[in-house]
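**Student:** Attaching a single structure in C-alpha cells format; questions to follow.
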Amino acid sequence: MTGTNYTSIETIPSIIQSLRTQFNTGLTKDVAFRKQQLANMIRFCNENNELLCDALWKDLRKHPMECDVGEISPIVDECEFMIKNLDKFTKPTYTTKRFIMNATDKTFIRKEAKGVVLVMGAWNYPVNLLLMPVVGAIAAGNCIAIKPSEVSQHTAELMATILPKYLDPRAYTVITGAIPETTAVLENRFDHIFYTGNGLVGKIVMTAAAKHLTPVTLELGGKSPAIVTEDADVNITAHRLLWGKFFNNGQTCVAPDYVLVAKSKLEPLLEAFRKTIVEYYGQDAQKSGSYGRIVSTRQFDRLKGLLDNCDPSTIVIGGETDREDLYMAPTIVSPVTPDNALMQQEIFGPILPVIPVEDMDEAIAFVNGRDQPLALYIFASPKYNYNKILDNTSSGGVLVNDILMHLQELSLPFGGVGPSGMGAYHGEKSFETFTHLRSTMVKDLMSEPVSSCRYPPYNEDKGKILGVLVYGLPAGVGAKISTVGSVCGAFWNFMLNKSSTGSDSKL
Ligand code: NAD
C-alpha cells in the first residue's frame, strides 16, 4: 500500500458521517448481526491465512508460526469467546437497591454501544493489534473506522482490500494512509478512540479527542524490565526470556526491554543466553527462518545508533548487522549503566541490556526510577516471595516466570498504567471498553402516595418520612423505637393533611 491508493483526505468526513448514519439505523446493535460479523471475521482469518502470513513475511519476515501464535489465532479465539458470551454480556444487569423509597422500582444497567469508534493499529503486530480491538467494538455493537498502520504496508493493503469482503462495509470501513490521512481522520468526532502505538502519537490522539470530549484507550509502550532473582532457574529463565525477547525480532510492546539480574547469577545467565541463542537460531541467526527482521531502515538506523553508542567490549553476544537485509543479530549488552543511550528510550528491537544488581531492593529502586512499564517480569524459584517486588512497584501487568504469555489469557485485561497507557482490553474487558453502561431506573407509579412526601411545600413530617424512606432507620435500638414512633406519627399527619397546602418549614 502506497500513497497513491491511500484514502482520499476529502472523502474522510463523509466516510465518518455515513458510519454515524448507519449507526443510527440500529443495524450494528442487533445481537444476531454482531455474531454474524464475528463469524465472518473468523472466516476472514481462516480463508486468508496464507495471504496474511505472506504479507507479514513481507512486512516483518515473520515466521508462519509467529504469525499464527502472535497474530491470527488470538483473533479467532477472541471472536469465538465473544460469540459464546455475547448473549450474557449484552443482557442488562439488575442492581440491588439501597433505598426503601426505590423498593418497588426497577434499576438496571443497559449495555449500549458507544456509537462510531476509531481503531488505530500499530505496525509491529499489524493483524492482531488492529483486529483485536475491532472484535471488541463489533461485539459491543459499534460502527467502526479501522485505521491500519501504514508502516506495515502489505498487511495494510490486505486489510483495505479483503476485510470489506467479510465485514459489512456499511458499518465497518477501513481507512488507509499516513500522517496527513490520520490527522484528517482525527479531526472528526468519534464516540471512542482506541489507539495502539507510541506515546508521542498517543498525545496527538488524546489532544484531538479532547476537542470532542471523546474517551480514549491508549495502548502504549515503554521499558518493560525482567528481574532475575538470586534463586531463579537460569536455564528455564534463559529459554523463556529470550523466546519473548526475540519473538518478532524484539518489536513487541511487552518484550523485556532490559534485565536486572542478581549479581551472583550474572555469569550463569549470560552463559545460558549464549547456548540458548545458538539452540534457537544456529550459529548464524541471519540464516534462520525463525528469526525476523527490523521493520524499516528508519528503525534499523535507530537501533544501530544505539549499538554504536555502546562500548564494544560490553556487547557480549551478537552485535552483527546487515542494513540491506534489515538484520541485527540477537544481541546482549552487559554491563550497561543507567546513562547509556540504551536506557533512555524503549529499545523495540533485538538488543537486550543486562544489568547486575546487588539485591532486589536495588532492582525495585531501579524500576521505580523510571516510567511505569507496560509489563514487569520476575524470574524466581517457586518459594521466592515475589510479593515484595509487586508491592513496591507498578506496571500495566505482571508475569512471573515467563514472557508475553499473560496477553493470551482472555480473563486478564491487558493495558498500561501512566505513560504505558490508559484503559485495557481483551476478553470481557474489550466488550466493556466499547460499551456505555447506561444506568436506568423505572419508577413505580403505585408508590405515589408515599413518594409524594418529597414534594414542596416541605415540612417536618415530610422530612421525617423522607429520611426513613431514603436512608432507613438510624442505628441503635433506642433510637429505632423512638424513630418508629415519631415517623408513624409523622406519616399519619402527612396522610391526613395530604390535600392541604401545608407550610414551608426547615426539614
Ligand atoms: P506506528 O508508527 O504504526 O503508529 C501507530 C499509529 O499511529 C498508526 O496508525 C499511524 O498511522 C498513526 N500515526 C503515526 N504518526 C502519527 C501522527 N503524527 N499523527 C497521527 N497519527 C499518527 O506505530 P509505532 O507508534 O511506531 O508503534 C510502536 C510503539 O507502539 C512502541 O512504543 C510500542 O511499545 C507501542 N505498542 C504498544 C502496544 C500495546 O498494546 N500497548 C502494542 C504495540 C506497540
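All residue names refer to the C-alpha cells as shown: chains lettered A, B, ... in order, residues numbered from 1 in each chain, ligands numbered from 1 in order.
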Once DSSP has gone over the backbone, tell me which residues of range 170-332 of chain A are in strand (DSSP E or B), as a PyMOL selection string.
**Tutor:** chain A and resi 172-174+192-196+216-219+224-228+256-262+315-317+321-322+327-328+331-332
**Student:** Output N, CA and C atoms for every residue in that selection, as an mmCIF file, in the first residue's frame.
**Tutor:**
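File written: result-v8.cif
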```cif
data_model
loop_
_atom_site.group_PDB
_atom_site.id
_atom_site.type_symbol
_atom_site.label_atom_id
_atom_site.label_comp_id
_atom_site.auth_asym_id
_atom_site.auth_seq_id
_atom_site.Cartn_x
_atom_site.Cartn_y
_atom_site.Cartn_z
ATOM 1 N N TYR A 172 -18.505 -0.969 8.894
ATOM 2 C CA TYR A 172 -17.075 -1.045 9.234
ATOM 3 C C TYR A 172 -16.268 -0.620 8.011
ATOM 4 N N THR A 173 -15.486 0.442 8.148
ATOM 5 C CA THR A 173 -14.736 0.958 6.999
ATOM 6 C C THR A 173 -13.244 1.016 7.321
ATOM 7 N N VAL A 174 -12.451 0.525 6.387
ATOM 8 C CA VAL A 174 -11.005 0.634 6.546
ATOM 9 C C VAL A 174 -10.544 1.935 5.895
ATOM 10 N N HIS A 192 -15.492 6.893 20.682
ATOM 11 C CA HIS A 192 -14.356 6.311 21.413
ATOM 12 C C HIS A 192 -13.200 6.195 20.417
ATOM 13 N N ILE A 193 -11.994 6.439 20.902
ATOM 14 C CA ILE A 193 -10.812 6.195 20.053
ATOM 15 C C ILE A 193 -9.934 5.179 20.770
ATOM 16 N N PHE A 194 -9.592 4.143 20.031
ATOM 17 C CA PHE A 194 -8.709 3.102 20.564
ATOM 18 C C PHE A 194 -7.413 3.151 19.761
ATOM 19 N N TYR A 195 -6.341 3.571 20.414
ATOM 20 C CA TYR A 195 -5.073 3.769 19.706
ATOM 21 C C TYR A 195 -3.987 2.860 20.278
ATOM 22 N N THR A 196 -3.241 2.209 19.391
ATOM 23 C CA THR A 196 -2.065 1.446 19.811
ATOM 24 C C THR A 196 -0.846 2.034 19.112
ATOM 25 N N VAL A 216 -10.752 7.880 25.353
ATOM 26 C CA VAL A 216 -9.703 7.166 24.604
ATOM 27 C C VAL A 216 -9.193 5.957 25.385
ATOM 28 N N THR A 217 -8.770 4.971 24.625
ATOM 29 C CA THR A 217 -7.943 3.902 25.193
ATOM 30 C C THR A 217 -6.603 4.057 24.501
ATOM 31 N N LEU A 218 -5.548 4.157 25.276
ATOM 32 C CA LEU A 218 -4.209 4.291 24.695
ATOM 33 C C LEU A 218 -3.384 3.075 25.095
ATOM 34 N N GLU A 219 -3.030 2.286 24.103
ATOM 35 C CA GLU A 219 -2.167 1.120 24.350
ATOM 36 C C GLU A 219 -0.769 1.518 23.918
ATOM 37 N N SER A 224 9.913 -2.363 29.562
ATOM 38 C CA SER A 224 9.449 -3.413 30.479
ATOM 39 C C SER A 224 10.645 -4.196 31.026
ATOM 40 N N PRO A 225 10.851 -4.180 32.335
ATOM 41 C CA PRO A 225 12.013 -4.875 32.891
ATOM 42 C C PRO A 225 11.746 -6.357 33.167
ATOM 43 N N ALA A 226 12.801 -7.153 33.117
ATOM 44 C CA ALA A 226 12.731 -8.538 33.595
ATOM 45 C C ALA A 226 13.705 -8.634 34.765
ATOM 46 N N ILE A 227 13.196 -9.042 35.908
ATOM 47 C CA ILE A 227 14.040 -9.154 37.103
ATOM 48 C C ILE A 227 14.353 -10.633 37.321
ATOM 49 N N VAL A 228 15.645 -10.946 37.412
ATOM 50 C CA VAL A 228 16.059 -12.332 37.643
ATOM 51 C C VAL A 228 16.627 -12.403 39.058
ATOM 52 N N PRO A 256 10.698 -7.980 26.940
ATOM 53 C CA PRO A 256 11.565 -7.496 28.018
ATOM 54 C C PRO A 256 12.565 -6.500 27.429
ATOM 55 N N ASP A 257 12.585 -5.305 27.970
ATOM 56 C CA ASP A 257 13.437 -4.252 27.407
ATOM 57 C C ASP A 257 14.845 -4.336 27.986
ATOM 58 N N TYR A 258 14.927 -4.710 29.256
ATOM 59 C CA TYR A 258 16.242 -4.882 29.900
ATOM 60 C C TYR A 258 16.101 -5.878 31.047
ATOM 61 N N VAL A 259 17.248 -6.438 31.452
ATOM 62 C CA VAL A 259 17.240 -7.441 32.525
ATOM 63 C C VAL A 259 17.984 -6.885 33.732
ATOM 64 N N LEU A 260 17.383 -7.031 34.895
ATOM 65 C CA LEU A 260 18.072 -6.733 36.150
ATOM 66 C C LEU A 260 18.329 -8.082 36.811
ATOM 67 N N VAL A 261 19.608 -8.442 36.938
ATOM 68 C CA VAL A 261 19.904 -9.787 37.449
ATOM 69 C C VAL A 261 20.733 -9.694 38.734
ATOM 70 N N ALA A 262 20.390 -10.561 39.681
ATOM 71 C CA ALA A 262 21.175 -10.637 40.920
ATOM 72 C C ALA A 262 22.620 -10.968 40.539
ATOM 73 N N ILE A 315 29.412 -5.520 24.375
ATOM 74 C CA ILE A 315 28.500 -6.315 23.516
ATOM 75 C C ILE A 315 28.970 -7.766 23.635
ATOM 76 N N VAL A 316 28.385 -8.470 24.606
ATOM 77 C CA VAL A 316 28.921 -9.786 24.951
ATOM 78 C C VAL A 316 28.395 -10.896 24.055
ATOM 79 N N ILE A 317 27.264 -10.684 23.406
ATOM 80 C CA ILE A 317 26.732 -11.651 22.435
ATOM 81 C C ILE A 317 26.167 -10.862 21.252
ATOM 82 N N THR A 321 25.390 -6.726 12.139
ATOM 83 C CA THR A 321 24.245 -6.099 11.468
ATOM 84 C C THR A 321 24.403 -6.162 9.951
ATOM 85 N N ASP A 322 23.271 -6.071 9.230
ATOM 86 C CA ASP A 322 23.285 -6.012 7.768
ATOM 87 C C ASP A 322 22.120 -5.121 7.358
ATOM 88 N N TYR A 327 18.840 -6.664 9.084
ATOM 89 C CA TYR A 327 19.174 -7.714 10.058
ATOM 90 C C TYR A 327 20.045 -7.174 11.176
ATOM 91 N N MET A 328 19.687 -7.546 12.386
ATOM 92 C CA MET A 328 20.554 -7.302 13.541
ATOM 93 C C MET A 328 20.557 -8.591 14.344
ATOM 94 N N THR A 331 21.295 -9.715 20.260
ATOM 95 C CA THR A 331 22.425 -9.015 20.872
ATOM 96 C C THR A 331 22.212 -8.797 22.372
ATOM 97 N N ILE A 332 23.241 -9.162 23.140
ATOM 98 C CA ILE A 332 23.192 -8.953 24.596
ATOM 99 C C ILE A 332 24.315 -7.978 24.962
#
```
**Student:** What are the nearest atom pairs, with distances in Å to one decimal, for all residues of chain A that come at most 8 Å from ligand 1, using only C-alpha atoms and all ligand atoms, set out by chain and rising residue number as a tab-separated table?
**Tutor:**
```
residue	atom	partner	partner_atom_place_in_ligand_line	distance
A:Met120	CA	ligand 1	9 (O)	4.7
A:Gly121	CA	ligand 1	9 (O)	4.9
A:Ala122	CA	ligand 1	3 (O)	3.7
A:Trp123	CA	ligand 1	3 (O)	4.1
A:Asn124	CA	ligand 1	43 (C)	6.0
A:Tyr125	CA	ligand 1	43 (C)	6.7
A:Leu129	CA	ligand 1	42 (C)	6.5
A:Lys147	CA	ligand 1	9 (O)	5.7
A:Pro148	CA	ligand 1	9 (O)	5.3
A:Ser149	CA	ligand 1	9 (O)	3.9
A:Glu150	CA	ligand 1	11 (O)	5.6
A:Val151	CA	ligand 1	3 (O)	5.6
A:Ser152	CA	ligand 1	3 (O)	7.3
A:Gly177	CA	ligand 1	11 (O)	6.7
A:Ala178	CA	ligand 1	11 (O)	5.0
A:Ile179	CA	ligand 1	17 (C)	4.8
A:Pro180	CA	ligand 1	19 (N)	7.5
A:Thr182	CA	ligand 1	21 (N)	4.9
A:Thr183	CA	ligand 1	20 (C)	5.1
A:Leu186	CA	ligand 1	20 (C)	7.5
A:Tyr195	CA	ligand 1	6 (C)	7.0
A:Thr196	CA	ligand 1	38 (C)	5.2
A:Gly197	CA	ligand 1	30 (O)	3.0
A:Asn198	CA	ligand 1	25 (O)	3.7
A:Gly199	CA	ligand 1	32 (O)	6.5
A:Leu200	CA	ligand 1	25 (O)	7.8
A:Val201	CA	ligand 1	16 (C)	5.3
A:Gly202	CA	ligand 1	7 (O)	7.8
A:Ile204	CA	ligand 1	19 (N)	6.2
A:Val205	CA	ligand 1	20 (C)	6.6
A:Leu218	CA	ligand 1	41 (N)	7.3
A:Glu219	CA	ligand 1	41 (N)	3.6
A:Leu220	CA	ligand 1	41 (N)	4.0
A:Gly221	CA	ligand 1	34 (O)	3.1
A:Gly222	CA	ligand 1	34 (O)	5.6
A:Gln251	CA	ligand 1	33 (C)	7.6
A:Thr252	CA	ligand 1	43 (C)	6.0
A:Cys253	CA	ligand 1	34 (O)	3.6
A:Val254	CA	ligand 1	34 (O)	6.9
A:Glu346	CA	ligand 1	32 (O)	6.7
A:Phe348	CA	ligand 1	31 (C)	6.8
A:Leu374	CA	ligand 1	41 (N)	6.9
A:Phe414	CA	ligand 1	40 (O)	7.7
A:Gly415	CA	ligand 1	41 (N)	6.2
A:Gly416	CA	ligand 1	41 (N)	6.6
A:Ser420	CA	ligand 1	41 (N)	6.9
A:Gly421	CA	ligand 1	41 (N)	6.7
```
**Student:** Rank nothing, just name the residue among A:Val487, A:Leu52, A:Leu241, A:Ile75 nearest to Gly136 in chain A, using only C-alpha atoms.
**Tutor:**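 For Gly136 in chain A, the nearest of the candidates is A:Ile75.
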**Student:** Could you pull the residues within 10 Å of Glu409 in chain A, counting only C-alpha atoms, minus those fewer than 4 positions along the same chain, as an NGL selection string?
**Tutor:** :A and (74 or 405 or 413-414 or 426-427)
**Student:** Which residue, A:Val398, A:Val442, A:Leu410, A:Lys35, has the smallest gap to Asp77 in chain A when you use only C-alpha atoms?
**Tutor:**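 Closest to Asp77 in chain A, using only C-alpha atoms: A:Leu410.
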**Student:** Can you pull out every residue from range 244-295 of chain A that DSSP, working from the backbone, puts in alpha helix (DSSP H), and format the result as a list in words?
**Tutor:**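 Answer for range 244-295 of chain A restricted to alpha helix (DSSP H) is Gly244, Lys245, Phe246, Leu266, Glu267, Pro268, Leu269, Leu270, Glu271, Ala272, Phe273, Arg274, Lys275, Thr276, Ile277, Val278, Glu279, Tyr280 and Tyr281 of chain A.
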**Student:** Taking into account only C-alpha atoms, which residue in the set A:Ala55, A:Ala171, A:Val76, A:Met101 is nearest to Thr155 in chain A?
**Tutor:**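 That would be A:Ala55, the residue with the smallest distance to Thr155 in chain A.
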**Student:** Looking at only C-alpha atoms, which of A:Asn235, A:Asn309, A:Ser452, A:Asn188 is the one that sits closest to Leu118 in chain A?
**Tutor:**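 Residue with the minimum atom-to-atom distance to Leu118 in chain A: A:Asn188.
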**Student:** Hey, what's within 12 Å of Ile83 in chain A if we count only C-alpha atoms and toss same-chain stuff fewer than 2 positions away? As a PyMOL selection string, please?
**Tutor:** chain A and resi 31-42+76-81+85-90+135-136+138-140+427-428+431
**Student:** Which of these residues is nearest to Gln299 in chain A, using only C-alpha atoms: A:Ala232, A:Ala424, A:Val134, A:Ile347?
**Tutor:**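 For Gln299 in chain A, the nearest of the candidates is A:Ile347.
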**Student:** With a distance cut-off of 12 Å and only C-alpha atoms, select the neighbouring residues of Pro268 in chain A, excluding the residue or stretch itself and same-chain residues fewer than 3 positions from it, and output the selection as an MDAnalysis selection string.
**Tutor:** chainID A and resid 228 230:238 261:265 271:275
**Student:** Pick from A:Val357, A:Leu469, A:Pro449, A:Ser439: nearest to Lys106 in chain A, with only C-alpha atoms counted?
**Tutor:**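 With only C-alpha atoms as the atom set, the closest residue is A:Ser439.
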